[in-house]
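Everything below belongs to data_8.cif, which stores mmCIF, C-alpha atoms and all ligand atoms.
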```cif
data_final
#
loop_
_atom_site.label_atom_id
_atom_site.label_comp_id
_atom_site.auth_asym_id
_atom_site.auth_seq_id
_atom_site.Cartn_x
_atom_site.Cartn_y
_atom_site.Cartn_z
CA MET A 1 93.18 148.46 118.89
CA ILE A 2 96.89 147.85 118.34
CA SER A 3 98.39 145.21 120.59
CA SER A 4 100.62 146.67 123.28
CA HIS A 5 102.61 143.53 124.03
CA PRO A 6 106.24 143.59 122.91
CA PRO A 7 107.00 141.85 119.64
CA ALA A 8 108.41 138.37 120.08
CA PRO A 9 109.67 135.93 117.48
CA PHE A 10 107.17 133.31 116.37
CA PRO A 11 108.17 129.84 115.27
CA PRO A 12 108.54 129.26 111.55
CA GLN A 13 105.86 127.15 109.85
CA GLU A 14 105.92 125.46 106.48
CA GLY A 15 105.38 128.07 103.79
CA GLY A 16 105.65 130.88 106.31
CA GLU A 17 108.08 133.61 107.31
CA PRO A 18 111.70 132.91 108.21
CA PRO A 19 112.63 132.29 111.86
CA GLY A 20 112.93 135.33 114.07
CA THR A 21 110.28 137.45 112.34
CA PRO A 22 108.65 139.52 115.10
CA ALA A 23 105.10 138.59 116.03
CA ILE A 24 102.56 141.35 116.18
CA LEU A 25 99.56 139.25 117.19
CA SER A 26 98.85 138.41 120.82
CA ASP A 27 99.36 134.89 122.15
CA ALA A 28 95.58 134.51 122.42
CA THR A 29 95.04 135.39 118.76
CA ARG A 30 97.91 133.20 117.64
CA ASP A 31 96.47 130.27 119.62
CA ALA A 32 93.03 130.91 118.13
CA ILE A 33 94.49 130.92 114.62
CA ILE A 34 96.39 127.68 115.20
CA ALA A 35 93.17 126.12 116.57
CA LEU A 36 91.42 126.94 113.29
CA LYS A 37 93.52 124.29 111.56
CA ALA A 38 91.46 121.60 113.31
CA LYS A 39 88.18 123.27 112.42
CA TYR A 40 88.43 123.04 108.64
CA PRO A 41 89.11 119.98 106.46
CA LYS A 42 91.60 122.02 104.42
CA VAL A 43 93.84 124.57 106.08
CA GLN A 44 93.32 127.01 103.19
CA SER A 45 89.70 127.28 104.31
CA ALA A 46 90.87 128.72 107.64
CA ILE A 47 92.66 131.70 106.12
CA LEU A 48 89.71 134.12 105.98
CA ASP A 49 88.75 133.27 109.55
CA ALA A 50 92.35 133.80 110.64
CA LEU A 51 92.54 137.16 108.88
CA ARG A 52 89.31 138.14 110.62
CA LEU A 53 90.89 137.32 113.99
CA ALA A 54 93.98 139.35 113.11
CA GLN A 55 91.87 142.33 112.04
CA GLU A 56 89.73 142.10 115.19
CA GLU A 57 92.87 142.48 117.26
CA ILE A 58 94.79 145.10 115.31
CA GLY A 59 91.97 146.95 113.56
CA TYR A 60 93.40 146.19 110.13
CA VAL A 61 95.65 143.61 108.48
CA PRO A 62 99.12 144.96 107.82
CA ALA A 63 101.52 142.91 105.71
CA GLU A 64 103.24 141.69 108.89
CA ALA A 65 99.95 140.24 110.16
CA SER A 66 99.29 138.48 106.84
CA ALA A 67 102.76 136.97 107.03
CA GLU A 68 102.19 135.87 110.60
CA VAL A 69 98.84 134.28 109.72
CA ALA A 70 100.57 132.41 106.88
CA ALA A 71 103.29 131.18 109.19
CA LEU A 72 100.84 130.02 111.85
CA LEU A 73 98.70 128.15 109.33
CA GLY A 74 101.66 126.86 107.35
CA VAL A 75 100.43 128.27 104.04
CA SER A 76 101.89 130.55 101.40
CA PRO A 77 102.26 134.16 102.61
CA HIS A 78 101.55 135.33 99.06
CA HIS A 79 98.23 133.50 99.08
CA VAL A 80 97.24 135.02 102.43
CA HIS A 81 98.26 138.48 101.25
CA SER A 82 96.26 138.07 98.05
CA LEU A 83 93.13 137.21 100.04
CA ALA A 84 93.67 140.08 102.48
CA THR A 85 93.88 142.51 99.57
CA PHE A 86 91.06 140.93 97.51
CA TYR A 87 88.22 140.95 100.03
CA THR A 88 86.83 144.38 100.84
CA MET A 89 86.04 143.44 104.42
CA PHE A 90 89.75 143.42 105.19
CA PHE A 91 91.69 146.65 105.54
CA THR A 92 95.41 146.70 104.86
CA GLN A 93 95.77 150.27 106.15
CA PRO A 94 94.55 151.73 109.45
CA VAL A 95 90.92 152.84 109.37
CA GLY A 96 88.74 154.95 111.64
CA THR A 97 86.40 153.61 114.30
CA ALA A 98 83.45 154.42 112.05
CA ILE A 99 83.72 153.30 108.44
CA VAL A 100 81.33 155.08 106.10
CA GLU A 101 80.37 153.75 102.67
CA VAL A 102 78.01 155.66 100.40
CA CYS A 103 75.93 153.96 97.72
CA ASP A 104 76.41 155.61 94.36
CA ASN A 105 74.40 153.26 92.17
CA LEU A 106 71.42 154.24 90.07
CA SER A 107 68.59 154.50 92.61
CA CYS A 108 70.74 156.35 95.11
CA ALA A 109 72.28 158.56 92.41
CA LEU A 110 68.81 159.56 91.22
CA TRP A 111 67.87 160.43 94.80
CA GLY A 112 70.92 162.62 95.34
CA SER A 113 73.79 160.45 96.56
CA ARG A 114 76.31 162.90 95.08
CA ARG A 115 74.94 165.66 97.30
CA ILE A 116 75.04 163.30 100.29
CA LEU A 117 78.65 162.45 99.58
CA ALA A 118 79.60 166.10 99.10
CA ARG A 119 77.98 167.01 102.43
CA LEU A 120 79.80 164.14 104.16
CA GLU A 121 83.12 165.32 102.77
CA GLN A 122 82.38 168.87 103.82
CA GLU A 123 81.26 167.93 107.36
CA LEU A 124 84.14 165.52 107.91
CA GLY A 125 86.77 167.66 106.20
CA ILE A 126 88.07 164.69 104.23
CA THR A 127 87.53 163.14 100.82
CA VAL A 128 86.69 159.57 99.85
CA GLY A 129 89.41 157.18 100.94
CA GLU A 130 90.59 159.37 103.82
CA THR A 131 90.33 159.17 107.60
CA THR A 132 89.71 162.13 109.90
CA PRO A 133 92.87 163.25 111.73
CA ASP A 134 91.46 162.05 115.08
CA GLY A 135 90.98 158.56 113.62
CA SER A 136 87.26 158.55 114.35
CA VAL A 137 85.81 158.26 110.83
CA THR A 138 86.97 156.80 107.53
CA LEU A 139 84.99 157.81 104.46
CA LEU A 140 85.98 154.56 102.85
CA ARG A 141 84.43 154.50 99.40
CA THR A 142 81.38 154.76 97.24
CA ILE A 143 79.75 151.42 96.74
CA GLU A 144 77.75 149.93 93.88
CA CYS A 145 74.62 148.91 95.77
CA LEU A 146 73.86 148.37 99.44
CA ALA A 147 70.71 146.41 98.56
CA ALA A 148 68.68 149.14 100.21
CA CYS A 149 67.41 150.72 96.99
CA GLY A 150 63.95 151.27 98.49
CA GLY A 151 65.59 153.56 101.05
CA ALA A 152 67.68 155.53 98.58
CA PRO A 153 69.84 157.43 99.03
CA ALA A 154 71.52 155.04 101.44
CA LEU A 155 74.82 154.79 103.24
CA ARG A 156 76.34 152.40 105.74
CA VAL A 157 78.30 153.13 108.89
CA ASN A 158 80.11 149.93 109.87
CA THR A 159 77.16 147.49 109.79
CA THR A 160 74.36 150.04 110.31
CA TYR A 161 72.33 151.26 107.36
CA HIS A 162 71.11 154.84 107.10
CA GLU A 163 68.41 155.30 104.48
CA GLN A 164 66.51 158.16 102.83
CA MET A 165 69.43 160.39 103.68
CA THR A 166 69.23 164.13 103.32
CA GLU A 167 71.99 166.69 103.72
CA GLU A 168 70.47 167.64 107.08
CA LYS A 169 70.53 164.01 108.20
CA VAL A 170 74.20 163.84 107.20
CA THR A 171 74.99 166.79 109.45
CA GLU A 172 73.24 165.06 112.36
CA LEU A 173 74.95 161.76 111.60
CA VAL A 174 78.40 163.33 111.60
CA LYS A 175 77.65 165.01 114.94
CA GLU A 176 76.67 161.59 116.34
CA LEU A 177 79.77 159.93 114.96
CA ARG A 178 82.00 162.57 116.48
CA LYS A 179 80.30 162.06 119.85
CA THR A 180 80.40 158.28 119.90
CA THR A 181 83.74 157.41 118.32
S1 LIG B 201 71.20 151.69 94.43
FE1 LIG B 201 71.69 152.43 96.42
S2 LIG B 201 71.10 150.79 97.70
FE2 LIG B 201 70.76 150.02 95.73
#
```
Output the file's structure in the form of structure tokens.
Amino acid sequence: MISSHPPAPFPPQEGGEPPGTPAILSDATRDAIIALKAKYPKVQSAILDALRLAQEEIGYVPAEASAEVAALLGVSPHHVHSLATFYTMFFTQPVGTAIVEVCDNLSCALWGSRRILARLEQELGITVGETTPDGSVTLLRTIECLAACGGAPALRVNTTYHEQMTEEKVTELVKELRKTT
């Protein structure tokens, strides 16, 4: 959820943004990020945890949030941005409430993952990389292996695995997602 508090300047930190840059994180998240500095022997080790906190609050990590994290930790904003864009668990664009990833590796491909993906696109009315207009579902990407090869074809919705998928199961899943998100 996007924070509703009005942007306020946050104090400059070494290696961070210039003074007066508007803050987009809440005071609670900013305090939690600052507290991380005492938790790790090296402040660089706190960056992923700080990005996680930012994403938990906003739903994704826009460039402004990366810059704010850098300022609060006193590290290079370029380094923070590079980590936010490198790790697939961080999103730099808004995503839906449900994030769907479809395995497209060998076992799943042999068991029909292409048909599963096509049915998902048809039911959701979007293609891979897109989010439904109501913001409920992002069909994020195909993925190389979900380590659920015994349940091929497999897909993941957020942290929940769905295995031995059929086109009929996809239709039911999309109905569920539309109800619950
Ligand atoms: S190949 Fe699909 S889960 Fe491993």
Near A:Glu101, counting only C-alpha atoms, which residues have an atom at most 9 Å away, once you skip same-chain residues fewer than 3 positions from it, shown as a count of residues only?
-> 10
Site check for ligand LIG 201 (chain B): residues at most 6 Å away, all atoms listed in the file, as a PyMOL selection string = chain A and resi 103+105-108+145-149+152-154
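Checking A:Ala109, A:Ile126, A:Ile33, A:Val80 one by one against A:Ala54, counting only C-alpha atoms, you find the shortest gap at A:Ile33.
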Measure the distance from atom CA of A:Val102 to atom CA of A:Leu117 in Å and round it to one decimal.
-> 6.9 Å
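Residue neighbourhood of A:His78, excluding near-sequence residues (fewer than 5 positions): Ser66, Ala67, Ala70 and Leu83 of chain A, at 9 Å, using all atoms listed in the file.
Proximity to A:Leu25 was assessed for A:Ala71, A:Leu124, A:Ile58, A:Val174 counting only C-alpha atoms; the smallest distance is recorded for A:Ile58.
The closest residue to A:Glu123, picked from A:Asp104, A:Glu168, A:Glu163, A:Glu144 and counting only C-alpha atoms, is A:Glu168.
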In Å, how far is it from atom CA of A:Phe91 to atom CA of A:Lys42?
-> 24.7 Å
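A straight line drawn from atom CA of A:Pro94 to atom CA of A:Thr159 is 17.9 Å long.
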Axis-aligned box for stretch 168-171 of chain A, 5 Å per side, centre and edges in Å as AutoDock Vina command-line options:
```
--center_x 72.7 --center_y 165.7 --center_z 108.3 --size_x 14.5 --size_y 13.8 --size_z 12.4
```
